[in-house]
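Source file: target09.cif (mmCIF, C-alpha atoms)
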```cif
data_target
loop_
_atom_site.label_atom_id
_atom_site.label_comp_id
_atom_site.auth_asym_id
_atom_site.auth_seq_id
_atom_site.Cartn_x
_atom_site.Cartn_y
_atom_site.Cartn_z
CA MET A 1 -5.34 -13.73 -170.20
CA ALA A 2 -4.17 -12.24 -166.91
CA GLU A 3 -0.95 -13.80 -165.67
CA ILE A 4 0.55 -13.40 -162.18
CA ILE A 5 4.28 -12.70 -162.55
CA GLY A 6 5.12 -11.87 -158.93
CA GLN A 7 7.68 -9.42 -157.55
CA LYS A 8 9.68 -8.83 -160.69
CA ASP A 9 12.10 -5.90 -160.25
CA ASN A 10 9.50 -4.07 -158.19
CA PHE A 11 10.08 -4.02 -154.44
CA GLY A 12 6.99 -4.76 -152.40
CA ALA A 13 4.73 -5.26 -155.40
CA VAL A 14 3.12 -8.27 -157.06
CA GLN A 15 2.25 -7.70 -160.69
CA VAL A 16 -0.59 -9.24 -162.65
CA GLN A 17 0.29 -8.92 -166.31
CA GLY A 18 -2.70 -8.28 -168.58
CA LEU A 19 -4.98 -7.44 -165.66
CA SER A 20 -6.45 -4.28 -167.23
CA GLU A 21 -7.43 -6.13 -170.40
CA PHE A 22 -8.86 -9.01 -168.36
CA ILE A 23 -10.99 -6.63 -166.29
CA LYS A 24 -12.36 -4.95 -169.45
CA ASP A 25 -13.40 -8.33 -170.85
CA ILE A 26 -15.07 -9.31 -167.57
CA LYS A 27 -17.03 -6.05 -167.46
CA LYS A 28 -18.28 -6.65 -170.99
CA ALA A 29 -19.43 -10.16 -170.11
CA ARG A 30 -21.30 -9.36 -166.92
CA ASP A 31 -22.83 -6.51 -164.90
CA LYS A 32 -20.20 -3.76 -164.56
CA GLY A 33 -21.11 -2.83 -160.99
CA ALA A 34 -21.02 -6.44 -159.80
CA ALA A 35 -17.69 -7.00 -161.55
CA ASN A 36 -16.18 -3.93 -159.85
CA THR A 37 -17.35 -5.18 -156.46
CA LEU A 38 -15.84 -8.63 -156.95
CA ILE A 39 -12.53 -7.20 -158.18
CA ARG A 40 -12.25 -4.88 -155.19
CA GLU A 41 -13.07 -7.74 -152.84
CA ALA A 42 -10.32 -9.85 -154.39
CA ASN A 43 -7.82 -7.00 -154.03
CA GLU A 44 -8.77 -6.30 -150.43
CA ARG A 45 -8.59 -9.99 -149.49
CA VAL A 46 -5.01 -10.16 -150.76
CA ALA A 47 -4.04 -6.93 -148.97
CA LYS A 48 -5.41 -8.22 -145.67
CA VAL A 49 -3.24 -11.33 -146.01
CA VAL A 50 -0.17 -9.08 -146.35
CA ILE A 51 -1.23 -6.88 -143.42
CA ARG A 52 -1.69 -9.85 -141.09
CA MET A 53 1.75 -11.18 -141.96
CA ALA A 54 3.37 -7.74 -141.63
CA ARG A 55 1.96 -7.31 -138.13
CA THR A 56 3.39 -10.64 -137.03
CA LEU A 57 6.82 -9.63 -138.37
CA ALA A 58 6.88 -6.26 -136.61
CA ASN A 59 9.38 -6.58 -133.76
CA THR A 60 10.04 -3.41 -131.86
CA LYS A 61 7.56 -1.08 -130.17
CA GLN A 62 8.00 1.41 -133.03
CA GLU A 63 7.48 -1.27 -135.66
CA ARG A 64 4.35 -2.62 -133.98
CA LYS A 65 2.83 0.85 -133.72
CA ALA A 66 3.66 1.50 -137.37
CA ALA A 67 2.24 -1.86 -138.44
CA ALA A 68 -0.95 -1.15 -136.51
CA THR A 69 -1.66 1.72 -138.94
CA LEU A 70 -1.51 -0.49 -142.05
CA GLU A 71 -4.66 -0.14 -144.11
CA VAL A 72 -5.97 -1.13 -147.54
CA SER A 73 -6.37 1.29 -150.44
CA SER A 74 -7.84 -0.51 -153.45
CA SER A 75 -9.34 0.11 -156.87
CA THR A 76 -10.38 -2.20 -159.70
CA THR A 77 -6.87 -2.15 -161.18
CA SER A 78 -4.64 -2.22 -158.12
CA VAL A 79 -4.42 -2.46 -154.37
CA GLN A 80 -1.97 -0.78 -152.01
CA VAL A 81 -1.18 -1.09 -148.34
CA ARG A 82 -0.56 2.28 -146.70
CA MET A 83 0.72 3.15 -143.24
CA GLY A 84 1.66 6.07 -141.04
CA GLY A 85 -0.36 9.23 -140.58
CA LYS A 86 -0.79 11.08 -137.29
CA GLU A 87 -0.82 7.83 -135.32
CA ALA A 88 2.72 6.90 -136.47
CA PRO A 89 4.42 9.65 -138.53
CA TYR A 90 7.68 7.73 -138.11
CA ALA A 91 6.28 4.61 -139.84
CA GLY A 92 8.60 4.89 -142.83
CA GLY A 93 11.69 4.94 -140.64
CA ALA A 94 10.38 2.13 -138.44
CA ASN A 95 9.90 -0.10 -141.48
CA PHE A 96 12.71 0.95 -143.82
CA GLY A 97 15.34 2.25 -141.40
CA SER A 98 17.21 5.45 -142.17
CA TYR A 99 20.55 7.03 -142.91
CA GLN A 100 22.72 7.10 -139.82
CA ASN A 101 24.63 9.96 -138.19
CA GLN A 102 23.52 12.49 -140.78
CA ARG A 103 24.20 16.11 -139.93
CA ARG A 104 21.12 18.31 -140.34
CA LEU A 105 20.73 22.07 -140.18
CA ILE A 106 17.56 23.10 -138.34
CA LYS A 107 15.61 26.00 -139.82
CA ALA A 108 14.11 28.74 -137.69
CA PRO A 109 10.28 28.89 -137.55
CA ASN A 110 8.57 30.52 -140.54
CA GLN A 111 5.95 33.25 -140.34
CA ARG A 112 3.35 30.76 -139.15
CA GLY A 113 5.62 29.58 -136.38
CA ARG A 114 6.34 26.23 -138.03
CA ARG A 115 9.72 24.78 -138.82
CA SER A 116 10.47 23.72 -142.39
CA ARG A 117 12.21 20.44 -143.10
CA ALA A 118 15.79 20.23 -141.87
CA THR A 119 18.53 20.36 -144.50
CA ARG A 120 20.84 17.35 -144.63
CA VAL A 121 24.58 18.00 -144.87
CA ARG A 122 26.03 15.15 -146.89
CA GLU A 123 29.33 13.49 -146.06
CA GLY A 124 32.24 15.63 -147.25
CA GLU A 125 30.14 18.79 -147.64
CA SER A 126 31.13 22.00 -145.91
CA LEU A 127 28.70 22.90 -143.16
CA LEU A 128 29.26 26.61 -143.74
CA LYS A 129 28.80 26.29 -147.50
CA VAL A 130 25.49 24.47 -147.11
CA ALA A 131 24.31 26.99 -144.51
CA THR A 132 25.15 29.90 -146.83
CA ARG A 133 23.22 28.26 -149.68
CA VAL A 134 20.18 27.62 -147.49
CA GLU A 135 20.09 31.14 -146.06
CA ALA A 136 20.16 32.55 -149.61
CA GLN A 137 16.75 30.98 -150.26
CA PHE A 138 13.33 32.59 -149.88
CA VAL A 139 10.10 30.91 -148.77
CA SER A 140 6.41 31.78 -148.90
CA ARG A 141 4.17 31.94 -145.83
CA SER A 142 3.33 28.27 -146.35
CA GLY A 143 7.00 27.32 -146.39
CA ARG A 144 7.33 26.76 -150.15
CA THR A 145 10.63 27.84 -151.70
CA VAL A 146 10.07 30.86 -153.96
CA GLY A 147 12.10 33.47 -155.78
CA MET A 148 13.10 36.74 -154.14
CA ARG A 149 10.73 38.66 -156.43
CA GLU A 150 7.76 36.49 -155.42
CA GLY A 151 7.48 38.18 -152.05
CA GLY A 152 9.05 35.46 -149.96
CA THR A 153 11.07 35.89 -146.81
CA ARG A 154 14.66 34.82 -146.47
CA VAL A 155 15.27 31.47 -144.79
CA LYS A 156 16.91 31.61 -141.39
CA LEU A 157 18.72 28.74 -139.76
CA ALA A 158 18.30 28.07 -136.07
CA ARG A 159 21.28 28.93 -133.91
CA THR A 160 22.42 28.27 -130.38
CA SER A 161 22.58 30.94 -127.69
CA SER A 162 26.21 31.52 -128.64
CA GLY A 163 25.28 32.15 -132.28
CA ALA A 164 26.59 28.85 -133.67
CA LEU A 165 24.52 26.91 -136.19
CA ARG A 166 22.18 24.43 -134.60
CA VAL A 167 23.17 21.01 -135.94
CA VAL A 168 21.60 17.66 -135.02
CA ASN A 169 22.67 14.17 -135.96
CA GLY A 170 20.06 11.76 -137.25
CA TRP A 171 18.35 9.54 -137.84
CA ASN A 172 19.44 7.02 -135.22
CA GLN A 173 16.15 6.49 -133.40
CA PHE A 174 14.99 3.51 -135.45
CA ARG A 175 16.31 0.47 -133.62
CA ALA A 176 15.39 -2.34 -131.28
CA LYS A 177 15.90 -1.48 -127.61
CA GLY A 178 19.61 -1.83 -126.91
CA GLY A 179 20.26 -2.69 -130.57
CA THR A 180 22.09 -0.93 -133.35
CA PRO A 181 20.19 1.58 -135.54
CA THR A 182 18.36 0.16 -138.56
CA GLN A 183 20.31 1.27 -141.62
CA TRP A 184 18.32 2.12 -144.76
CA ALA A 185 19.14 -0.06 -147.79
CA LYS A 186 17.30 -0.18 -151.09
CA GLY A 187 14.69 -2.94 -151.23
CA LYS A 188 15.11 -3.97 -147.59
CA ASP A 189 12.70 -3.40 -144.77
CA GLN A 190 11.55 -4.77 -141.43
CA PHE A 191 8.02 -6.02 -142.07
CA LEU A 192 6.02 -4.71 -145.06
CA TYR A 193 8.07 -5.80 -148.11
CA ARG A 194 9.00 -8.97 -146.24
CA ALA A 195 5.32 -9.73 -145.73
CA VAL A 196 4.67 -9.47 -149.49
CA THR A 197 7.55 -11.84 -150.19
CA LEU A 198 6.47 -14.37 -147.56
CA THR A 199 2.83 -14.38 -148.69
CA GLN A 200 3.52 -14.38 -152.43
CA ASP A 201 2.30 -17.96 -152.85
CA GLN A 202 -0.95 -17.09 -151.03
CA ILE A 203 -1.33 -13.94 -153.13
CA THR A 204 -0.80 -15.89 -156.34
CA GLN A 205 -3.25 -18.59 -155.32
CA SER A 206 -5.88 -16.06 -154.25
CA TYR A 207 -5.70 -14.12 -157.51
CA GLN A 208 -5.65 -17.30 -159.56
CA GLU A 209 -8.81 -18.54 -157.83
CA PHE A 210 -10.44 -15.19 -158.49
CA ILE A 211 -9.42 -15.21 -162.17
CA ASP A 212 -10.66 -18.78 -162.65
CA LYS A 213 -13.96 -17.96 -160.94
CA MET A 214 -14.55 -14.86 -163.02
CA ILE A 215 -13.75 -16.70 -166.24
CA GLY A 216 -16.05 -19.57 -165.29
CA GLU A 217 -18.94 -17.22 -164.48
CA ALA A 218 -18.47 -14.85 -167.41
CA PHE A 219 -17.66 -17.42 -170.06
CA PRO A 220 -19.37 -20.70 -169.10
CA ASP A 221 -18.51 -23.78 -171.16
CA LYS A 222 -21.19 -24.16 -173.80
CA SER A 223 -21.25 -27.95 -173.58
CA GLN A 224 -21.86 -27.79 -169.83
CA ALA A 225 -24.51 -25.10 -170.26
CA ALA A 226 -26.41 -27.33 -172.70
#
```
Spell out the structure here as structure tokens.
Amino acid sequence: MAEIIGQKDNFGAVQVQGLSEFIKDIKKARDKGAANTLIREANERVAKVVIRMARTLANTKQERKAAATLEVSSSTTSVQVRMGGKEAPYAGGANFGSYQNQRRLIKAPNQRGRRSRATRVREGESLLKVATRVEAQFVSRSGRTVGMREGGTRVKLARTSSGALRVVNGWNQFRAKGGTPTQWAKGKDQFLYRAVTLTQDQITQSYQEFIDKMIGEAFPDKSQAA
């Protein structure tokens, strides 16, 4: 029997214990294609509840734009809510916040004219030591780190006109207007995880109704059928 156990040690997720076994039994008892359709519909209905709540919780302009990209990705065994993409590449930071005042070394463009990801200099690390380590690396044309013998080119760090390393501090852009930056902390966010928590009762009820319906249709009571 499938049992809804909620957000147990799994941030932003609601678990249904025994769901895979339950789905297999349902598919044996009724048309497989119809069962798949009903399961997907149940998953998508739950995800849309979370999305609606998340969008009401989004506060800042960044958060609202990020929340506007929320979409459902479902299968017969699970459903996920995804966000971001070209419309809001900063969605993760808008929802989860970020590390503050982190020094980053900017890399010079690669052979295709694109910049690789910046390298973070952790607190207490020597800027020069990190720079030396980075510039000892080699990358392929696509920007993948490779060995010197694999035909890569040596990484170059961007520098100022005076020759000094180009260093930027980040990521402090995720904040309400006039507010303090949103600090990243494990399991905390601005709208998505919170939406799952706030709608957990609705999620549980929706899945329970689906489970009861599927059981009733697949395994009707013999006394009632007579």
For this session: Please provide the set of residues having any atom within 12 Å of Arg82 (chain A), restricted to only C-alpha atoms, with same-chain residues fewer than 6 positions apart removed, written as a ChimeraX atom specification.
Result: /A:12,47-48,50-51,54,66-74,88,91-92,95,192-193
Exercise. For Arg103 (chain A), which residue out of A:Thr182, A:Asn172, A:Gln202, A:Thr37 is the nearest one, using only C-alpha atoms?
Worked result: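 Residue with the minimum atom-to-atom distance to Arg103 (chain A): A:Asn172.
The residue that comes closest to Gly187 (chain A), out of A:Arg64, A:Thr76, A:Arg133, A:Gly97 and on the basis of only C-alpha atoms, is A:Gly97.
For Leu57 (chain A), the set of protein, DNA and RNA residues having any atom at most 8 Å away, when counting all atoms listed in the file and skipping those fewer than 6 positions along the same chain, is Gln190, Phe191 and Ala195 of chain A.
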Exercise. CA of Gln173 (chain A) and CA of Arg194 (chain A) are how many Å apart?
Worked result: 21.3 Å
Return region 173-191 of chain A, completed with N, CA and C atoms, as a PDB file, in the coordinates of the input.
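Ended up saving to selection_7.pdb:
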```
ATOM      1  N   GLN A 173      17.164   6.922-134.361  1.00  0.00           N
ATOM      2  CA  GLN A 173      16.150   6.490-133.400  1.00  0.00           C
ATOM      3  C   GLN A 173      15.430   5.201-133.790  1.00  0.00           C
ATOM      4  N   PHE A 174      15.691   4.711-135.008  1.00  0.00           N
ATOM      5  CA  PHE A 174      14.990   3.510-135.450  1.00  0.00           C
ATOM      6  C   PHE A 174      15.846   2.277-135.149  1.00  0.00           C
ATOM      7  N   ARG A 175      15.509   1.612-134.058  1.00  0.00           N
ATOM      8  CA  ARG A 175      16.310   0.470-133.620  1.00  0.00           C
ATOM      9  C   ARG A 175      15.539  -0.312-132.556  1.00  0.00           C
ATOM     10  N   ALA A 176      15.939  -1.558-132.391  1.00  0.00           N
ATOM     11  CA  ALA A 176      15.390  -2.340-131.280  1.00  0.00           C
ATOM     12  C   ALA A 176      16.048  -1.830-130.001  1.00  0.00           C
ATOM     13  N   LYS A 177      15.364  -1.953-128.878  1.00  0.00           N
ATOM     14  CA  LYS A 177      15.900  -1.480-127.610  1.00  0.00           C
ATOM     15  C   LYS A 177      17.251  -2.145-127.333  1.00  0.00           C
ATOM     16  N   GLY A 178      18.272  -1.311-127.152  1.00  0.00           N
ATOM     17  CA  GLY A 178      19.610  -1.830-126.910  1.00  0.00           C
ATOM     18  C   GLY A 178      20.324  -2.302-128.149  1.00  0.00           C
ATOM     19  N   GLY A 179      19.657  -2.221-129.315  1.00  0.00           N
ATOM     20  CA  GLY A 179      20.260  -2.690-130.570  1.00  0.00           C
ATOM     21  C   GLY A 179      20.902  -1.572-131.358  1.00  0.00           C
ATOM     22  N   THR A 180      21.468  -1.927-132.480  1.00  0.00           N
ATOM     23  CA  THR A 180      22.090  -0.930-133.350  1.00  0.00           C
ATOM     24  C   THR A 180      21.002  -0.318-134.242  1.00  0.00           C
ATOM     25  N   PRO A 181      21.192   0.925-134.690  1.00  0.00           N
ATOM     26  CA  PRO A 181      20.190   1.580-135.540  1.00  0.00           C
ATOM     27  C   PRO A 181      19.953   0.788-136.825  1.00  0.00           C
ATOM     28  N   THR A 182      18.716   0.841-137.321  1.00  0.00           N
ATOM     29  CA  THR A 182      18.360   0.160-138.560  1.00  0.00           C
ATOM     30  C   THR A 182      18.796   1.005-139.743  1.00  0.00           C
ATOM     31  N   GLN A 183      19.760   0.520-140.500  1.00  0.00           N
ATOM     32  CA  GLN A 183      20.310   1.270-141.620  1.00  0.00           C
ATOM     33  C   GLN A 183      19.433   1.089-142.862  1.00  0.00           C
ATOM     34  N   TRP A 184      19.119   2.201-143.531  1.00  0.00           N
ATOM     35  CA  TRP A 184      18.320   2.120-144.760  1.00  0.00           C
ATOM     36  C   TRP A 184      19.144   1.467-145.862  1.00  0.00           C
ATOM     37  N   ALA A 185      18.513   0.570-146.625  1.00  0.00           N
ATOM     38  CA  ALA A 185      19.140  -0.060-147.790  1.00  0.00           C
ATOM     39  C   ALA A 185      18.049  -0.331-148.808  1.00  0.00           C
ATOM     40  N   LYS A 186      18.305  -0.053-150.045  1.00  0.00           N
ATOM     41  CA  LYS A 186      17.300  -0.180-151.090  1.00  0.00           C
ATOM     42  C   LYS A 186      16.710  -1.592-151.129  1.00  0.00           C
ATOM     43  N   GLY A 187      15.375  -1.665-151.110  1.00  0.00           N
ATOM     44  CA  GLY A 187      14.690  -2.940-151.230  1.00  0.00           C
ATOM     45  C   GLY A 187      14.601  -3.747-149.958  1.00  0.00           C
ATOM     46  N   LYS A 188      15.158  -3.229-148.859  1.00  0.00           N
ATOM     47  CA  LYS A 188      15.110  -3.970-147.590  1.00  0.00           C
ATOM     48  C   LYS A 188      14.228  -3.238-146.589  1.00  0.00           C
ATOM     49  N   ASP A 189      13.537  -4.002-145.790  1.00  0.00           N
ATOM     50  CA  ASP A 189      12.700  -3.400-144.770  1.00  0.00           C
ATOM     51  C   ASP A 189      12.517  -4.368-143.616  1.00  0.00           C
ATOM     52  N   GLN A 190      11.719  -3.965-142.635  1.00  0.00           N
ATOM     53  CA  GLN A 190      11.550  -4.770-141.430  1.00  0.00           C
ATOM     54  C   GLN A 190      10.303  -5.658-141.477  1.00  0.00           C
ATOM     55  N   PHE A 191       9.219  -5.181-142.102  1.00  0.00           N
ATOM     56  CA  PHE A 191       8.020  -6.020-142.070  1.00  0.00           C
ATOM     57  C   PHE A 191       7.137  -5.949-143.315  1.00  0.00           C
TER      58      PHE A 191
END
```
